[in-house]
$ cat my_file32.cif   # mmCIF, C-alpha atoms and all ligand atoms
data_work
loop_
_atom_site.label_atom_id
_atom_site.label_comp_id
_atom_site.auth_asym_id
_atom_site.auth_seq_id
_atom_site.Cartn_x
_atom_site.Cartn_y
_atom_site.Cartn_z
CA MET A 1 191.73 188.30 35.16
CA SER A 2 193.71 185.13 35.74
CA THR A 3 192.00 181.84 36.30
CA SER A 4 192.16 180.69 39.89
CA GLN A 5 195.55 179.04 40.55
CA THR A 6 193.83 176.59 42.81
CA LEU A 7 191.68 175.11 40.04
CA ALA A 8 194.28 172.69 38.66
CA MET A 9 194.89 171.53 42.20
CA ALA A 10 191.18 171.11 42.87
CA ALA A 11 190.76 169.16 39.62
CA LYS A 12 193.63 166.83 40.54
CA THR A 13 192.18 166.37 44.03
CA ARG A 14 188.82 165.37 42.53
CA GLU A 15 190.52 162.96 40.12
CA LEU A 16 192.46 161.25 42.92
CA LYS A 17 189.38 161.04 45.13
CA ALA A 18 187.42 159.48 42.24
CA GLU A 19 190.16 156.83 42.08
CA GLY A 20 189.36 156.07 45.70
CA LYS A 21 192.45 157.81 47.17
CA ASP A 22 192.10 159.09 50.72
CA ILE A 23 193.09 162.74 50.34
CA ILE A 24 193.56 164.90 53.44
CA GLY A 25 192.32 168.36 52.54
CA LEU A 26 194.38 171.12 54.13
CA SER A 27 193.62 173.57 51.36
CA LEU A 28 190.29 175.05 52.36
CA GLY A 29 189.92 178.49 53.90
CA GLU A 30 186.96 177.66 56.06
CA PRO A 31 186.38 176.48 59.60
CA ASP A 32 185.46 172.81 60.01
CA PHE A 33 182.97 173.68 62.77
CA ASN A 34 179.22 173.97 62.46
CA THR A 35 177.59 177.36 62.90
CA PRO A 36 176.82 177.68 66.65
CA ASP A 37 173.28 176.66 67.64
CA PHE A 38 172.35 180.05 69.10
CA ILE A 39 172.91 181.59 65.65
CA LYS A 40 171.05 178.83 63.83
CA ASP A 41 168.11 179.31 66.23
CA ALA A 42 167.98 183.02 65.35
CA ALA A 43 167.77 182.12 61.65
CA ILE A 44 164.95 179.63 62.25
CA GLN A 45 163.14 182.29 64.26
CA ALA A 46 163.58 184.78 61.37
CA ILE A 47 162.02 182.31 58.93
CA ASN A 48 159.08 181.75 61.26
CA ASP A 49 158.75 185.51 61.72
CA ASP A 50 158.36 185.84 57.94
CA TYR A 51 161.50 187.71 57.12
CA ASN A 52 161.25 187.08 53.40
CA SER A 53 161.17 190.43 51.59
CA TYR A 54 163.92 192.41 49.90
CA THR A 55 166.19 193.96 52.50
CA PRO A 56 167.50 197.55 52.55
CA VAL A 57 170.50 197.64 50.18
CA ASP A 58 172.98 198.52 52.95
CA GLY A 59 171.45 196.15 55.53
CA TYR A 60 168.71 196.06 58.16
CA VAL A 61 168.94 198.99 60.57
CA GLU A 62 169.04 196.52 63.50
CA LEU A 63 172.03 194.78 61.95
CA LYS A 64 173.79 198.08 61.26
CA ASP A 65 173.24 198.99 64.92
CA ALA A 66 174.67 195.63 66.02
CA ILE A 67 177.71 196.27 63.80
CA ILE A 68 178.11 199.78 65.25
CA GLN A 69 178.06 198.27 68.77
CA LYS A 70 180.53 195.57 67.73
CA PHE A 71 182.96 198.14 66.33
CA LYS A 72 182.69 200.13 69.57
CA ARG A 73 183.01 197.10 71.87
CA ASP A 74 185.82 195.24 70.09
CA ASN A 75 187.74 197.98 68.30
CA GLY A 76 186.95 201.27 70.06
CA LEU A 77 185.72 202.61 66.70
CA THR A 78 182.77 204.97 66.40
CA TYR A 79 180.63 204.77 63.26
CA ASP A 80 177.13 205.96 62.53
CA ARG A 81 174.57 204.21 60.34
CA SER A 82 175.59 206.18 57.23
CA GLN A 83 179.06 204.61 57.47
CA ILE A 84 178.01 200.95 57.53
CA VAL A 85 177.24 198.79 54.49
CA VAL A 86 176.31 195.11 54.86
CA SER A 87 177.17 192.93 51.84
CA THR A 88 176.99 189.36 50.57
CA GLY A 89 180.27 188.39 52.22
CA ALA A 90 183.39 190.46 52.83
CA LYS A 91 184.34 189.52 49.29
CA GLN A 92 181.50 191.65 47.96
CA SER A 93 182.52 194.44 50.36
CA LEU A 94 185.99 194.36 48.79
CA ALA A 95 184.64 194.24 45.25
CA ASN A 96 182.37 197.23 45.97
CA ILE A 97 185.32 199.22 47.30
CA ALA A 98 187.47 198.46 44.25
CA MET A 99 184.71 199.39 41.84
CA VAL A 100 183.84 202.67 43.50
CA MET A 101 187.40 203.77 44.25
CA LEU A 102 189.46 202.86 41.20
CA ASN A 103 189.87 204.54 37.86
CA PRO A 104 191.76 202.70 35.12
CA GLY A 105 195.46 202.60 35.96
CA ASP A 106 195.08 203.46 39.65
CA GLU A 107 197.53 201.51 41.77
CA VAL A 108 196.72 199.42 44.83
CA ILE A 109 199.56 198.36 47.10
CA LEU A 110 199.26 194.72 48.17
CA PRO A 111 201.81 193.41 50.68
CA CYS A 112 202.56 189.80 49.63
CA PRO A 113 201.39 187.29 50.50
CA TYR A 114 197.85 188.60 50.11
CA TRP A 115 194.51 186.86 49.96
CA VAL A 116 194.05 185.37 46.46
CA SER A 117 191.15 187.54 45.40
CA TYR A 118 192.71 190.95 46.17
CA ALA A 119 194.77 191.17 42.98
CA GLU A 120 191.99 189.84 40.76
CA ILE A 121 189.33 192.14 42.23
CA VAL A 122 191.67 195.10 41.71
CA LYS A 123 192.30 194.06 38.09
CA LEU A 124 188.59 193.57 37.49
CA ALA A 125 188.08 197.21 38.49
CA GLN A 126 190.87 198.16 36.02
CA GLY A 127 193.28 198.94 38.82
CA VAL A 128 196.91 197.84 38.94
CA PRO A 129 198.09 195.63 41.83
CA VAL A 130 201.50 196.69 43.14
CA GLU A 131 203.01 193.78 45.04
CA VAL A 132 205.32 194.38 47.99
CA PRO A 133 207.15 191.15 48.81
CA THR A 134 207.63 189.96 52.37
CA SER A 135 209.13 186.66 53.51
CA VAL A 136 209.59 184.24 56.38
CA GLU A 137 212.65 186.29 57.42
CA SER A 138 210.55 189.45 57.88
CA ASP A 139 207.71 187.48 59.53
CA PHE A 140 205.65 188.36 56.45
CA LYS A 141 205.40 192.00 57.56
CA MET A 142 205.73 194.95 55.21
CA THR A 143 208.11 197.57 56.59
CA PRO A 144 207.41 201.34 56.48
CA GLN A 145 210.40 201.69 54.12
CA GLN A 146 208.90 199.16 51.71
CA LEU A 147 205.57 200.97 51.83
CA GLU A 148 207.20 204.34 51.17
CA ALA A 149 209.13 202.91 48.21
CA ALA A 150 205.97 201.42 46.66
CA ILE A 151 204.03 204.71 46.69
CA THR A 152 203.76 206.57 43.37
CA PRO A 153 201.55 209.47 42.24
CA LYS A 154 199.11 206.80 40.99
CA THR A 155 198.73 205.03 44.34
CA ARG A 156 195.07 205.08 45.32
CA MET A 157 194.84 202.43 48.03
CA LEU A 158 196.68 200.04 50.33
CA TRP A 159 194.95 196.70 51.03
CA TYR A 160 196.04 194.18 53.66
CA SER A 161 194.56 191.63 56.02
CA SER A 162 195.60 191.30 59.65
CA PRO A 163 195.46 188.58 60.88
CA SER A 164 196.64 187.55 57.43
CA ASN A 165 195.38 184.94 55.07
CA PRO A 166 197.62 183.16 54.06
CA SER A 167 200.54 183.83 56.43
CA GLY A 168 198.82 184.10 59.84
CA MET A 169 200.84 187.28 60.47
CA VAL A 170 199.28 189.88 62.80
CA TYR A 171 200.34 193.54 62.76
CA SER A 172 200.80 195.02 66.24
CA LYS A 173 199.50 198.51 67.01
CA GLU A 174 203.08 199.84 66.89
CA GLU A 175 203.69 198.28 63.48
CA LEU A 176 200.47 199.76 62.12
CA ARG A 177 201.43 203.13 63.58
CA ALA A 178 204.76 202.98 61.75
CA LEU A 179 202.90 202.31 58.48
CA ALA A 180 200.44 205.11 59.31
CA ASP A 181 203.38 207.50 59.77
CA VAL A 182 204.22 206.93 56.10
CA LEU A 183 200.60 207.23 54.99
CA VAL A 184 199.98 210.58 56.71
CA LYS A 185 202.51 212.05 54.29
CA HIS A 186 200.32 210.83 51.40
CA PRO A 187 196.81 212.00 52.29
CA ASP A 188 195.13 210.77 49.10
CA ILE A 189 195.76 207.09 49.80
CA ILE A 190 192.80 205.14 51.22
CA VAL A 191 193.50 202.08 53.39
CA VAL A 192 191.43 198.92 53.22
CA SER A 193 191.96 197.01 56.45
CA ASP A 194 190.53 193.49 56.15
CA GLU A 195 189.91 192.27 59.69
CA ILE A 196 187.84 189.18 58.96
CA TYR A 197 190.16 187.00 61.12
CA GLU A 198 190.12 189.50 63.99
CA HIS A 199 188.92 187.05 66.65
CA ILE A 200 191.21 184.22 65.53
CA ASN A 201 194.20 185.90 67.13
CA PHE A 202 196.54 183.94 69.41
CA ILE A 203 198.58 186.84 70.74
CA GLY A 204 195.74 189.16 71.77
CA GLY A 205 195.52 192.86 71.13
CA HIS A 206 193.90 193.11 67.71
CA ALA A 207 194.72 196.54 66.28
CA SER A 208 192.78 198.48 63.61
CA MET A 209 194.27 201.17 61.40
CA ALA A 210 191.11 203.28 61.87
CA GLN A 211 191.92 203.56 65.58
CA PHE A 212 194.47 206.25 64.75
CA GLU A 213 192.71 209.60 64.74
CA ASP A 214 194.81 210.90 61.88
CA MET A 215 193.86 207.86 59.76
CA TYR A 216 190.19 207.33 60.69
CA ASP A 217 188.82 209.36 57.75
CA ARG A 218 190.85 207.36 55.24
CA VAL A 219 190.28 203.79 56.36
CA VAL A 220 187.68 201.30 55.25
CA THR A 221 187.44 198.58 57.89
CA VAL A 222 186.23 195.31 56.37
CA ASN A 223 184.91 192.50 58.51
CA GLY A 224 182.44 189.61 58.39
CA VAL A 225 181.19 186.50 60.11
CA SER A 226 182.49 183.76 57.81
CA LYS A 227 185.56 182.79 59.79
CA ALA A 228 185.18 183.36 63.54
CA PHE A 229 181.49 182.40 63.58
CA ALA A 230 181.85 179.45 61.16
CA MET A 231 179.34 181.03 58.78
CA THR A 232 181.07 180.90 55.38
CA GLY A 233 177.95 179.88 53.49
CA TRP A 234 175.69 182.45 55.09
CA ARG A 235 177.45 185.19 53.09
CA ILE A 236 177.46 188.25 55.31
CA GLY A 237 180.29 190.81 55.42
CA TYR A 238 180.32 194.49 56.22
CA ILE A 239 182.33 197.71 56.21
CA GLY A 240 182.76 200.72 58.45
CA ALA A 241 183.90 203.52 56.14
CA PRO A 242 184.02 207.26 55.52
CA THR A 243 180.41 208.25 54.68
CA GLU A 244 181.05 209.09 51.02
CA ILE A 245 182.72 205.71 50.38
CA ALA A 246 179.89 203.89 52.17
CA ARG A 247 177.35 205.81 50.11
CA ALA A 248 179.11 204.88 46.87
CA CYS A 249 179.31 201.19 47.89
CA ASN A 250 175.61 201.28 48.70
CA LYS A 251 174.85 202.72 45.25
CA MET A 252 177.03 200.13 43.50
CA GLN A 253 175.54 197.22 45.42
CA GLY A 254 172.03 198.48 44.77
CA GLN A 255 172.54 197.96 41.03
CA ILE A 256 174.20 194.58 41.30
CA THR A 257 172.86 192.37 44.07
CA SER A 258 170.61 194.57 46.28
CA GLY A 259 170.64 193.90 50.02
CA ALA A 260 172.12 190.72 51.48
CA ASN A 261 169.99 187.70 52.38
CA CYS A 262 167.24 188.46 54.93
CA ILE A 263 167.54 185.32 57.09
CA ALA A 264 171.33 185.49 57.26
CA GLN A 265 171.18 189.15 58.29
CA ARG A 266 168.79 188.40 61.17
CA ALA A 267 171.06 185.57 62.34
CA VAL A 268 174.11 187.84 62.23
CA ILE A 269 172.42 190.35 64.54
CA THR A 270 172.38 187.58 67.16
CA ALA A 271 175.95 186.53 66.33
CA LEU A 272 177.38 190.03 66.74
CA GLU A 273 175.39 190.90 69.85
CA ALA A 274 176.70 187.80 71.63
CA PRO A 275 179.85 188.10 73.73
CA VAL A 276 182.98 186.79 72.02
CA SER A 277 183.17 184.17 74.80
CA LYS A 278 180.41 182.28 72.94
CA ILE A 279 182.80 181.45 70.09
CA GLN A 280 185.96 181.12 72.19
CA TYR A 281 185.84 177.29 72.02
CA MET A 282 186.59 177.45 68.28
CA ILE A 283 189.42 179.93 68.72
CA ASP A 284 190.94 177.75 71.45
CA ARG A 285 190.81 174.71 69.14
CA PHE A 286 192.52 176.64 66.33
CA LYS A 287 195.22 177.69 68.75
CA SER A 288 195.95 174.16 69.91
CA ARG A 289 195.91 172.87 66.32
CA LYS A 290 198.35 175.60 65.40
CA SER A 291 200.77 174.33 68.06
CA LEU A 292 200.23 170.77 66.85
CA ILE A 293 200.92 171.48 63.18
CA ILE A 294 203.87 173.79 63.91
CA GLY A 295 205.41 171.19 66.23
CA LEU A 296 205.12 168.45 63.60
CA MET A 297 206.05 170.60 60.61
CA SER A 298 209.18 171.94 62.25
CA GLN A 299 210.48 168.36 62.37
CA ILE A 300 210.32 168.13 58.57
CA LYS A 301 213.57 169.14 56.91
CA GLY A 302 213.22 171.89 54.33
CA PHE A 303 210.18 173.67 55.77
CA ALA A 304 211.07 177.20 56.94
CA ILE A 305 208.29 178.43 59.20
CA THR A 306 207.19 181.66 60.83
CA GLU A 307 204.88 180.82 63.71
CA PRO A 308 201.43 182.19 62.84
CA GLU A 309 199.85 184.61 65.29
CA GLY A 310 196.30 184.36 63.96
CA ALA A 311 193.89 182.98 61.32
CA PHE A 312 194.14 179.22 60.65
CA TYR A 313 196.97 178.89 58.15
CA VAL A 314 200.68 178.09 58.12
CA PHE A 315 202.70 179.36 55.18
CA PRO A 316 206.10 177.63 55.12
CA ASP A 317 208.83 178.59 52.69
CA VAL A 318 209.60 175.39 50.78
CA SER A 319 212.19 176.78 48.35
CA TYR A 320 214.70 174.30 49.83
CA PHE A 321 213.07 171.66 47.60
CA PHE A 322 213.26 173.66 44.35
CA GLY A 323 215.58 172.07 41.82
CA LYS A 324 215.48 168.72 43.66
CA THR A 325 214.03 165.44 42.44
CA ILE A 326 212.28 163.39 45.11
CA ASN A 327 211.59 159.78 44.27
CA GLY A 328 211.46 160.57 40.54
CA TYR A 329 209.30 163.68 41.02
CA GLU A 330 210.98 166.83 39.74
CA ILE A 331 210.24 169.95 41.80
CA LYS A 332 210.90 173.26 40.11
CA ASP A 333 208.67 175.55 42.15
CA ALA A 334 206.00 175.78 44.84
CA THR A 335 203.26 174.66 42.47
CA ASP A 336 205.20 171.47 41.70
CA PHE A 337 205.83 170.91 45.39
CA SER A 338 202.17 171.36 46.24
CA MET A 339 201.26 168.91 43.44
CA PHE A 340 203.94 166.49 44.71
CA LEU A 341 202.35 166.57 48.18
CA LEU A 342 198.98 165.89 46.61
CA GLU A 343 200.11 162.99 44.45
CA ARG A 344 202.69 161.35 46.72
CA ALA A 345 201.48 162.23 50.24
CA LEU A 346 197.79 162.59 49.36
CA VAL A 347 197.67 165.95 51.15
CA ALA A 348 196.01 168.94 49.48
CA THR A 349 197.60 172.38 50.02
CA VAL A 350 197.65 175.63 48.01
CA THR A 351 200.67 176.96 46.14
CA GLY A 352 202.05 180.29 47.34
CA ASP A 353 201.94 181.57 43.77
CA ALA A 354 198.23 182.11 44.28
CA PHE A 355 199.05 184.58 47.05
CA GLY A 356 201.92 186.38 45.32
CA SER A 357 204.60 184.44 47.30
CA PRO A 358 206.16 181.86 44.98
CA ASN A 359 208.49 180.30 47.59
CA CYS A 360 205.73 179.17 49.92
CA ILE A 361 202.73 176.89 50.16
CA ARG A 362 199.66 177.30 52.38
CA PHE A 363 198.34 174.74 54.82
CA SER A 364 194.99 175.32 56.46
CA TYR A 365 194.73 173.71 59.89
CA ALA A 366 190.96 174.05 60.00
CA ALA A 367 191.01 170.25 60.12
CA SER A 368 190.81 167.66 62.86
CA GLU A 369 193.84 166.87 65.01
CA SER A 370 194.02 163.33 63.61
CA GLU A 371 194.00 164.65 60.03
CA ILE A 372 196.78 167.10 60.87
CA GLU A 373 198.87 164.35 62.47
CA GLU A 374 198.33 161.94 59.61
CA ALA A 375 199.06 164.62 56.98
CA MET A 376 202.38 165.56 58.59
CA LYS A 377 203.34 161.89 58.88
CA ARG A 378 202.58 161.27 55.21
CA ILE A 379 204.54 164.35 54.12
CA LYS A 380 207.55 163.35 56.20
CA ASN A 381 207.46 159.88 54.66
CA ALA A 382 206.99 161.13 51.10
CA ILE A 383 209.96 163.43 51.43
CA SER A 384 212.26 160.93 53.11
CA GLU A 385 211.54 158.39 50.38
CA GLY A 386 213.55 160.68 48.09
C1 LIG B 1 191.42 187.74 54.06
C2 LIG B 1 190.04 187.40 53.60
N1 LIG B 1 189.20 188.39 53.31
C3 LIG B 1 187.95 188.16 52.89
C4 LIG B 1 187.49 186.87 52.71
C5 LIG B 1 186.09 186.68 52.19
O1 LIG B 1 185.20 186.42 53.21
P1 LIG B 1 183.65 186.24 52.94
O2 LIG B 1 183.34 184.81 53.14
O3 LIG B 1 182.99 187.11 54.00
O4 LIG B 1 183.34 186.73 51.56
C6 LIG B 1 188.33 185.80 52.98
C7 LIG B 1 187.87 184.39 52.77
O5 LIG B 1 188.63 183.49 52.56
C8 LIG B 1 189.63 186.06 53.45
O6 LIG B 1 190.48 185.06 53.74
#
$ encode --input "my_file32.cif" --output "C-alpha cells" --more "lines below"
Ligand SMILES: Cc1ncc(COP(=O)(O)O)c(C=O)c1O
Amino acid sequence: MSTSQTLAMAAKTRELKAEGKDIIGLSLGEPDFNTPDFIKDAAIQAINDDYNSYTPVDGYVELKDAIIQKFKRDNGLTYDRSQIVVSTGAKQSLANIAMVMLNPGDEVILPCPYWVSYAEIVKLAQGVPVEVPTSVESDFKMTPQQLEAAITPKTRMLWYSSPSNPSGMVYSKEELRALADVLVKHPDIIVVSDEIYEHINFIGGHASMAQFEDMYDRVVTVNGVSKAFAMTGWRIGYIGAPTEIARACNKMQGQITSGANCIAQRAVITALEAPVSKIQYMIDRFKSRKSLIIGLMSQIKGFAITEPEGAFYVFPDVSYFFGKTINGYEIKDATDFSMFLLERALVATVTGDAFGSPNCIRFSYAASESEIEEAMKRIKNAISEG
C-alpha cells in the first residue's frame, strides 16, 4: 500500500501553523456543521437508556429496518434484513466488500478521479486497481466505451461514487443505464455504488445502479451518515447488497471489529427516520458556497473547471501552471502546485495525484463563506505575483 499522498501536505500545514501562519484549510472531506440537535438528543437518550452492550455484528434490527425504509423512500430499492450490514463507517463497508470479493490478481475498475482509499483498499485485499481516466472535458464521467475497453476476464468489480468525491460529478439515470448496458454483457462483474453524498446533490434526481432490475442482483449500494448528516466522527455506514455478499461481509466484520458503536447506531435510527427536509439547511449552504467558489475561481487564470453537481468539492485542472515558475517557485505537477498554494497563498488543498488525476487539485468548500472568499483572493494574488 502507498502512504497517504496527503501526509506531506498535512505535515507542511502543521509546520506552517506552528510558525503562526494563518492557513485556510480547504483540504478536509468533512462538513463544517455540527451534528443536528435532534440526532444528538437521540444519542443522549440511548446513553440514558443503557445502550452499552455489544451490538449485533450487522447492526441493530431497528437500525436495519430504518435503513430498509430509507432505501425504499429515497431510492425505490427493496431490501430485506438479510441484505443490510451496518459498519463502522462506509470505509469499513468498502473494506469488507474488497476482502470478501477479491482473490489475488482480481481487477477492480476505478473511474478516475476516485476517492483516495478505493485503490489502497483494493490493493490491501490483493486486488488490482484498473484506472479509467476522465477529465474536465468529459465532465469527469466514464463513458460506456471506456468501461467496455477496461473489462478483461479478470475484472471482478466496478467501484465508483456518485455524487463523486473528488470531482462533484453526478451520473444521471441515463448515464448509469448506458454503463449498465455494457455490464449486462458481463454478468460476473459486481458493481459497488458509493452513494454517501446522495443528499448533497444540486441538480436533483439521484440515481442508483441497483434501480435497474437487470442489475439489482449484482450491485452493492454503499451509503452512510458522515456527510449529509454531519456525523463523520460517529462512524456509521451501511450496505444494501445481494444476500450472499451481505452474509460474507457480516462474517468478515464479526472477526475484525464486531458490530458498530451502540450509541451511534441508536442516533442513526433517528437520523434516517427523519425527513430529508431536516438536513436541507446544510445542503442549501453547500449549494450557495459552490456558486461562490465557482464564481471566484473562474476569475483566476489557469483554472479549468467543471461545475460540480454534488458533494462539496471542486476539482479544477491546473495543468496550465505545469512547467511554469511563479515568483521563484517551480511548478512541475499538481503536487507542486498544491504545495505552492500552501506556502505562498496559505491555502491547503489536496493534489489530484491522490485521486488518480494528476492534472487536478481538490478544494473542499465545506468552509465558511468568508474563508472561501479570502482563500480565492490569496490564490489570485499569489499567482499574479508571478
Ligand atoms: C466517496 C466516499 N466514500 C466513503 C467515504 C467514507 O465515509 P465514512 O466516514 O462513512 O467512512 C468517504 C469519506 O470521505 C467518501 O468521500
$ residues_near_ligand --input "my_file32.cif" --ligand "ligand LIG 1 (chain B)" --cutoff "9 Å" --atoms "all atoms listed in the file" --output "ChimeraX atom specification"
/A:28-30,87-94,114-118,160-166,194-197,222-227,231-238,311
$ axis_aligned_box --input "my_file32.cif" --around "range 360-364 of chain A" --padding-each-side "8 Å" --output "lines of an AutoDock Vina configuration file"
center_x = 200.4
center_y = 177.0
center_z = 53.2
size_x = 26.7
size_y = 20.4
size_z = 22.5
$ closest_residue --input "my_file32.cif" --among "A:Ala367, A:Pro316, A:Ala149, A:Gly356" --to "Leu110 in chain A" --atoms "only C-alpha atoms"
A:Gly356
$ closest_residue --input "my_file32.cif" --among "A:Arg177, A:His186, A:Lys17, A:Lys123" --to "Pro153 in chain A" --atoms "all atoms listed in the file"
A:His186
$ closest_residue --input "my_file32.cif" --among "A:Ala241, A:Pro275, A:Thr134, A:Leu158" --to "Arg81 in chain A" --atoms "only C-alpha atoms"
A:Ala241
$ atom_distance --input "my_file32.cif" --atom1 "CA of Phe312 in chain A" --atom2 "CA of Ser193 in chain A"
18.4 Å
$ closest_residue --input "my_file32.cif" --among "A:Met142, A:Leu176, A:Val100, A:Leu272" --to "Ile67 in chain A" --atoms "all atoms listed in the file"
A:Leu272
$ atom_distance --input "my_file32.cif" --atom1 "CA of Asn103 in chain A" --atom2 "CA of Arg156 in chain A"
9.1 Å
$ residues_around --input "my_file32.cif" --residues "Met297 in chain A" --least-positions-apart "5" --cutoff "9 Å" --atoms "only C-alpha atoms" --output "JSON, numbers by chain"
{"A": [292, 303, 305, 316, 376, 380]}
$ residues_around --input "my_file32.cif" --residues "Cys360 in chain A" --least-positions-apart "3" --cutoff "7 Å" --atoms "all atoms listed in the file" --output "PDB file with C-alpha atoms, in the coordinates of the input"
ATOM      1  CA  PHE A 315     202.700 179.360  55.180  1.00  0.00           C
ATOM      2  CA  PRO A 316     206.100 177.630  55.120  1.00  0.00           C
ATOM      3  CA  ASP A 317     208.830 178.590  52.690  1.00  0.00           C
ATOM      4  CA  VAL A 318     209.600 175.390  50.780  1.00  0.00           C
ATOM      5  CA  ALA A 334     206.000 175.780  44.840  1.00  0.00           C
ATOM      6  CA  THR A 351     200.670 176.960  46.140  1.00  0.00           C
ATOM      7  CA  GLY A 352     202.050 180.290  47.340  1.00  0.00           C
ATOM      8  CA  SER A 357     204.600 184.440  47.300  1.00  0.00           C
TER       9      SER A 357
END
$ atom_distance --input "my_file32.cif" --atom1 "CA of Met157 in chain A" --atom2 "CA of Ser208 in chain A"
16.2 Å
$ closest_residue --input "my_file32.cif" --among "A:Ala345, A:Tyr329, A:Ala264, A:His199" --to "Ser277 in chain A" --atoms "all atoms listed in the file"
A:His199
$ closest_residue --input "my_file32.cif" --among "A:Gln69, A:Thr243, A:Ser2, A:Asn75" --to "Gly205 in chain A" --atoms "all atoms listed in the file"
A:Asn75
